[in-house]
file protein.pdb (PDB, C-alpha atoms)
ATOM      1  CA  MET A   1     -13.251 -14.031-125.670  1.00  0.00           C
ATOM      2  CA  ASP A   2     -10.499 -12.403-127.701  1.00  0.00           C
ATOM      3  CA  ARG A   3      -6.763 -12.830-127.242  1.00  0.00           C
ATOM      4  CA  TYR A   4      -6.405  -9.612-125.199  1.00  0.00           C
ATOM      5  CA  GLU A   5      -9.045 -10.746-122.687  1.00  0.00           C
ATOM      6  CA  LEU A   6      -7.456 -14.192-122.384  1.00  0.00           C
ATOM      7  CA  GLU A   7      -4.049 -12.645-121.695  1.00  0.00           C
ATOM      8  CA  LEU A   8      -5.560 -10.185-119.202  1.00  0.00           C
ATOM      9  CA  GLN A   9      -7.410 -13.022-117.479  1.00  0.00           C
ATOM     10  CA  GLU A  10      -4.163 -14.979-117.065  1.00  0.00           C
ATOM     11  CA  LYS A  11      -2.234 -11.927-115.799  1.00  0.00           C
ATOM     12  CA  ILE A  12      -4.934 -11.247-113.206  1.00  0.00           C
ATOM     13  CA  ARG A  13      -4.968 -14.905-112.124  1.00  0.00           C
ATOM     14  CA  LYS A  14      -1.183 -14.894-111.615  1.00  0.00           C
ATOM     15  CA  PHE A  15      -1.404 -11.565-109.790  1.00  0.00           C
ATOM     16  CA  ALA A  16      -4.069 -12.923-107.400  1.00  0.00           C
ATOM     17  CA  ILE A  17      -1.810 -15.891-106.620  1.00  0.00           C
ATOM     18  CA  LYS A  18       1.065 -13.501-105.878  1.00  0.00           C
ATOM     19  CA  VAL A  19      -1.082 -11.460-103.469  1.00  0.00           C
ATOM     20  CA  VAL A  20      -2.253 -14.548-101.575  1.00  0.00           C
ATOM     21  CA  LYS A  21       1.328 -15.807-101.327  1.00  0.00           C
ATOM     22  CA  CYS A  22       2.262 -12.493 -99.693  1.00  0.00           C
ATOM     23  CA  TYR A  23       0.192 -13.144 -96.560  1.00  0.00           C
ATOM     24  CA  LYS A  24      -0.361 -16.902 -96.642  1.00  0.00           C
ATOM     25  CA  GLY A  25       3.125 -18.062 -97.584  1.00  0.00           C
ATOM     26  CA  LYS A  26       1.799 -20.187-100.428  1.00  0.00           C
ATOM     27  CA  GLY A  27      -0.682 -19.783-103.226  1.00  0.00           C
ATOM     28  CA  PRO A  28      -4.424 -20.335-103.065  1.00  0.00           C
ATOM     29  CA  ASP A  29      -6.140 -23.579-104.070  1.00  0.00           C
ATOM     30  CA  ASN A  30      -7.882 -22.077-107.081  1.00  0.00           C
ATOM     31  CA  VAL A  31      -8.349 -18.723-108.847  1.00  0.00           C
ATOM     32  CA  LYS A  32     -11.080 -18.035-111.404  1.00  0.00           C
ATOM     33  CA  VAL A  33     -11.210 -14.809-113.383  1.00  0.00           C
ATOM     34  CA  LYS A  34     -14.212 -13.688-115.436  1.00  0.00           C
ATOM     35  CA  ILE A  35     -14.192 -10.586-117.615  1.00  0.00           C
ATOM     36  CA  ASN A  36     -17.472  -9.033-118.685  1.00  0.00           C
ATOM     37  CA  GLY A  37     -16.922  -5.679-120.352  1.00  0.00           C
ATOM     38  CA  GLY A  38     -15.501  -3.290-117.765  1.00  0.00           C
ATOM     39  CA  THR A  39     -16.192  -5.650-114.848  1.00  0.00           C
ATOM     40  CA  ILE A  40     -13.715  -8.273-113.695  1.00  0.00           C
ATOM     41  CA  THR A  41     -14.801 -10.895-111.160  1.00  0.00           C
ATOM     42  CA  ILE A  42     -12.105 -12.842-109.332  1.00  0.00           C
ATOM     43  CA  GLU A  43     -12.936 -15.866-107.146  1.00  0.00           C
ATOM     44  CA  VAL A  44     -10.123 -17.120-104.943  1.00  0.00           C
ATOM     45  CA  ARG A  45     -10.388 -20.385-102.976  1.00  0.00           C
ATOM     46  CA  GLY A  46      -7.971 -21.493-100.286  1.00  0.00           C
ATOM     47  CA  ILE A  47      -7.418 -18.043 -98.854  1.00  0.00           C
ATOM     48  CA  LEU A  48      -6.599 -18.462 -95.191  1.00  0.00           C
ATOM     49  CA  SER A  49      -3.281 -18.833 -93.464  1.00  0.00           C
ATOM     50  CA  LYS A  50      -2.899 -21.778 -91.074  1.00  0.00           C
ATOM     51  CA  LEU A  51      -3.411 -19.472 -88.081  1.00  0.00           C
ATOM     52  CA  SER A  52      -6.632 -18.058 -89.538  1.00  0.00           C
ATOM     53  CA  ASP A  53      -7.827 -21.563 -90.347  1.00  0.00           C
ATOM     54  CA  ILE A  54      -7.286 -22.640 -86.725  1.00  0.00           C
ATOM     55  CA  LEU A  55      -9.088 -19.550 -85.416  1.00  0.00           C
ATOM     56  CA  VAL A  56     -12.114 -20.200 -87.646  1.00  0.00           C
ATOM     57  CA  LYS A  57     -12.246 -23.843 -86.579  1.00  0.00           C
ATOM     58  CA  GLN A  58     -12.151 -22.738 -82.922  1.00  0.00           C
ATOM     59  CA  GLY A  59     -15.080 -20.370 -83.452  1.00  0.00           C
ATOM     60  CA  ALA A  60     -13.083 -17.142 -83.637  1.00  0.00           C
ATOM     61  CA  ARG A  61     -14.467 -16.037 -87.013  1.00  0.00           C
ATOM     62  CA  ASP A  62     -14.716 -12.408 -85.858  1.00  0.00           C
ATOM     63  CA  ILE A  63     -10.993 -12.294 -85.096  1.00  0.00           C
ATOM     64  CA  VAL A  64     -10.228 -13.435 -88.636  1.00  0.00           C
ATOM     65  CA  MET A  65     -12.560 -10.806 -90.109  1.00  0.00           C
ATOM     66  CA  ASP A  66     -10.879  -8.144 -87.940  1.00  0.00           C
ATOM     67  CA  TYR A  67      -7.511  -9.355 -89.231  1.00  0.00           C
ATOM     68  CA  TRP A  68      -8.613  -8.434 -92.749  1.00  0.00           C
ATOM     69  CA  LYS A  69      -9.198  -4.841 -91.636  1.00  0.00           C
ATOM     70  CA  TYR A  70      -5.442  -4.628 -91.056  1.00  0.00           C
ATOM     71  CA  ILE A  71      -4.135  -6.755 -93.895  1.00  0.00           C
ATOM     72  CA  LYS A  72      -6.250  -5.061 -96.601  1.00  0.00           C
ATOM     73  CA  PRO A  73      -4.530  -1.632 -96.371  1.00  0.00           C
ATOM     74  CA  HIS A  74      -1.136  -3.366 -96.370  1.00  0.00           C
ATOM     75  CA  LEU A  75      -1.992  -5.357 -99.484  1.00  0.00           C
ATOM     76  CA  GLU A  76      -3.373  -2.254-101.199  1.00  0.00           C
ATOM     77  CA  LYS A  77      -0.186  -0.308-100.467  1.00  0.00           C
ATOM     78  CA  GLU A  78       1.974  -3.206-101.608  1.00  0.00           C
ATOM     79  CA  PHE A  79       0.117  -4.127-104.808  1.00  0.00           C
ATOM     80  CA  LEU A  80      -2.083  -1.214-105.968  1.00  0.00           C
ATOM     81  CA  GLN A  81       0.284   0.133-108.614  1.00  0.00           C
ATOM     82  CA  GLU A  82       0.878  -3.316-110.070  1.00  0.00           C
ATOM     83  CA  ALA A  83      -2.885  -3.903-110.214  1.00  0.00           C
ATOM     84  CA  CYS A  84      -3.348  -0.591-112.079  1.00  0.00           C
ATOM     85  CA  ASP A  85      -0.621  -1.576-114.535  1.00  0.00           C
ATOM     86  CA  ILE A  86      -2.216  -4.979-115.207  1.00  0.00           C
ATOM     87  CA  ILE A  87      -5.751  -3.634-115.580  1.00  0.00           C
ATOM     88  CA  GLY A  88      -4.575  -0.698-117.658  1.00  0.00           C
ATOM     89  CA  GLY A  89      -5.706   2.238-115.551  1.00  0.00           C
ATOM     90  CA  GLY A  90      -7.805   3.226-112.605  1.00  0.00           C
ATOM     91  CA  PHE A  91     -10.468   1.059-111.026  1.00  0.00           C
ATOM     92  CA  ASP A  92     -12.574   0.601-107.957  1.00  0.00           C
ATOM     93  CA  TYR A  93     -13.302  -2.704-106.299  1.00  0.00           C
ATOM     94  CA  SER A  94     -15.333  -4.479-103.683  1.00  0.00           C
ATOM     95  CA  TRP A  95     -14.695  -7.793-102.000  1.00  0.00           C
ATOM     96  CA  GLU A  96     -16.586 -10.300 -99.939  1.00  0.00           C
ATOM     97  CA  VAL A  97     -15.535 -13.390 -98.018  1.00  0.00           C
ATOM     98  CA  LYS A  98     -17.986 -16.253 -98.497  1.00  0.00           C
ATOM     99  CA  ASN A  99     -18.326 -19.514 -96.598  1.00  0.00           C
ATOM    100  CA  LEU A 100     -15.715 -18.617 -93.985  1.00  0.00           C
ATOM    101  CA  GLU A 101     -17.086 -21.236 -91.590  1.00  0.00           C
ATOM    102  CA  LEU A 102     -16.625 -24.070 -94.134  1.00  0.00           C
ATOM    103  CA  GLU A 103     -13.490 -26.012 -95.009  1.00  0.00           C
ATOM    104  CA  ASP A 104     -10.637 -24.042 -96.587  1.00  0.00           C
ATOM    105  CA  ASN A 105     -11.201 -25.162-100.187  1.00  0.00           C
ATOM    106  CA  GLU A 106     -14.833 -23.997 -99.897  1.00  0.00           C
ATOM    107  CA  ARG A 107     -13.965 -20.553 -98.524  1.00  0.00           C
ATOM    108  CA  ILE A 108     -14.020 -17.949-101.243  1.00  0.00           C
ATOM    109  CA  VAL A 109     -13.040 -14.320-101.598  1.00  0.00           C
ATOM    110  CA  VAL A 110     -14.976 -12.702-104.423  1.00  0.00           C
ATOM    111  CA  ILE A 111     -13.433  -9.499-105.755  1.00  0.00           C
ATOM    112  CA  LYS A 112     -15.358  -7.337-108.227  1.00  0.00           C
ATOM    113  CA  VAL A 113     -13.228  -4.836-110.149  1.00  0.00           C
ATOM    114  CA  ASN A 114     -14.789  -2.037-112.186  1.00  0.00           C
ATOM    115  CA  LYS A 115     -12.459  -0.348-114.640  1.00  0.00           C
ATOM    116  CA  HIS A 116     -12.710   3.442-114.939  1.00  0.00           C
TER     117      HIS A 116
END
call {"tool": "encode", "arguments": {"input": "protein.pdb", "output": "structure tokens"}}
result
Amino acid sequence: MDRYELELQEKIRKFAIKVVKCYKGKGPDNVKVKINGGTITIEVRGILSKLSDILVKQGARDIVMDYWKYIKPHLEKEFLQEACDIIGGGFDYSWEVKNLELEDNERIVVIKVNKH
């Protein structure tokens, strides 16, 4: 990995922490960033707020997933331009929550970013 990719990787990691802090009030447990050509994969652990964590533990997983339908557009509006600036142009992305029913440090959001 060259110097540019290492710097980009670190900028994306710090950016992901900033986004999580926006809705959780503190940073995630762990952020991993992998760059493979025009594809960036970001894995974020420790993603839920305390309220969401309680809801999942009480069996209300669907409520938490519905919550993301509302928070996602807010986060996009708040952070989209900064993401474009960091990545260096346009992109599309997909995301998936994995292991929501497990303990918080095992819950992961995987974000795949494809640069245009």
call {"tool": "closest_residue", "arguments": {"input": "protein.pdb", "among": "A:Cys84, A:Leu100, A:Ile111, A:Ile71", "to": "Leu55 (chain A)", "atoms": "all atoms listed in the file"}}
result
A:Leu100
call {"tool": "axis_aligned_box", "arguments": {"input": "protein.pdb", "around": "region 51-59 of chain A", "padding_each_side": "3 Å", "output": "AutoDock Vina command-line options"}}
result
--center_x -9.2 --center_y -21.0 --center_z -86.6 --size_x 17.7 --size_y 11.8 --size_z 13.4
call {"tool": "residues_around", "arguments": {"input": "protein.pdb", "residues": "Lys50 (chain A)", "least_positions_apart": "5", "cutoff": "12 Å", "atoms": "only C-alpha atoms", "output": "list in words"}}
result
Tyr23, Lys24, Gly25, Lys26, Leu55, Val56, Lys57, Val64 and Asp104 of chain A
call {"tool": "residues_around", "arguments": {"input": "protein.pdb", "residues": "Lys14 (chain A)", "least_positions_apart": "3", "cutoff": "12 Å", "atoms": "all atoms listed in the file", "output": "PyMOL selection string"}}
result
chain A and resi 7-11+17-21+27-28+30-33+42+44+82-83+86
call {"tool": "resolve_selection", "arguments": {"input": "protein.pdb", "expression": "the PyMOL selection byres ((chain A and resi 38) around 12)", "output": "PyMOL selection string"}}
result
chain A and resi 5+34-37+39-41+87-93+112-116
call {"tool": "write_last_selection", "arguments": {"input": "protein.pdb", "atoms": "C-alpha atoms", "output": "tab-separated table (two decimals), in the coordinates of the input"}}
result
chain	number	residue	atom	x	y	z
A	5	GLU	CA	-9.04	-10.75	-122.69
A	34	LYS	CA	-14.21	-13.69	-115.44
A	35	ILE	CA	-14.19	-10.59	-117.62
A	36	ASN	CA	-17.47	-9.03	-118.68
A	37	GLY	CA	-16.92	-5.68	-120.35
A	39	THR	CA	-16.19	-5.65	-114.85
A	40	ILE	CA	-13.72	-8.27	-113.70
A	41	THR	CA	-14.80	-10.90	-111.16
A	87	ILE	CA	-5.75	-3.63	-115.58
A	88	GLY	CA	-4.58	-0.70	-117.66
A	89	GLY	CA	-5.71	2.24	-115.55
A	90	GLY	CA	-7.80	3.23	-112.60
A	91	PHE	CA	-10.47	1.06	-111.03
A	92	ASP	CA	-12.57	0.60	-107.96
A	93	TYR	CA	-13.30	-2.70	-106.30
A	112	LYS	CA	-15.36	-7.34	-108.23
A	113	VAL	CA	-13.23	-4.84	-110.15
A	114	ASN	CA	-14.79	-2.04	-112.19
A	115	LYS	CA	-12.46	-0.35	-114.64
A	116	HIS	CA	-12.71	3.44	-114.94
call {"tool": "atom_distance", "arguments": {"input": "protein.pdb", "atom1": "CA of Met65 (chain A)", "atom2": "CA of Asn99 (chain A)"}}
result
12.3 Å
call {"tool": "atom_distance", "arguments": {"input": "protein.pdb", "atom1": "CA of Glu43 (chain A)", "atom2": "CA of Gln58 (chain A)"}}
result
25.2 Å
call {"tool": "atom_distance", "arguments": {"input": "protein.pdb", "atom1": "CA of Val110 (chain A)", "atom2": "CA of Tyr4 (chain A)"}}
result
22.7 Å
call {"tool": "residues_near_point", "arguments": {"input": "protein.pdb", "point": "(-6.7, -25.9, -100.4)", "cutoff": "9 Å", "atoms": "only C-alpha atoms", "output": "ChimeraX atom specification"}}
result
/A:28-30,45-47,103-106
call {"tool": "closest_residue", "arguments": {"input": "protein.pdb", "among": "A:Asp85, A:Leu6, A:Ala16, A:Leu48", "to": "Val97 (chain A)", "atoms": "all atoms listed in the file"}}
result
A:Leu48
call {"tool": "closest_residue", "arguments": {"input": "protein.pdb", "among": "A:Ser94, A:Arg3, A:Leu102, A:Ile12", "to": "Lys72 (chain A)", "atoms": "only C-alpha atoms"}}
result
A:Ser94
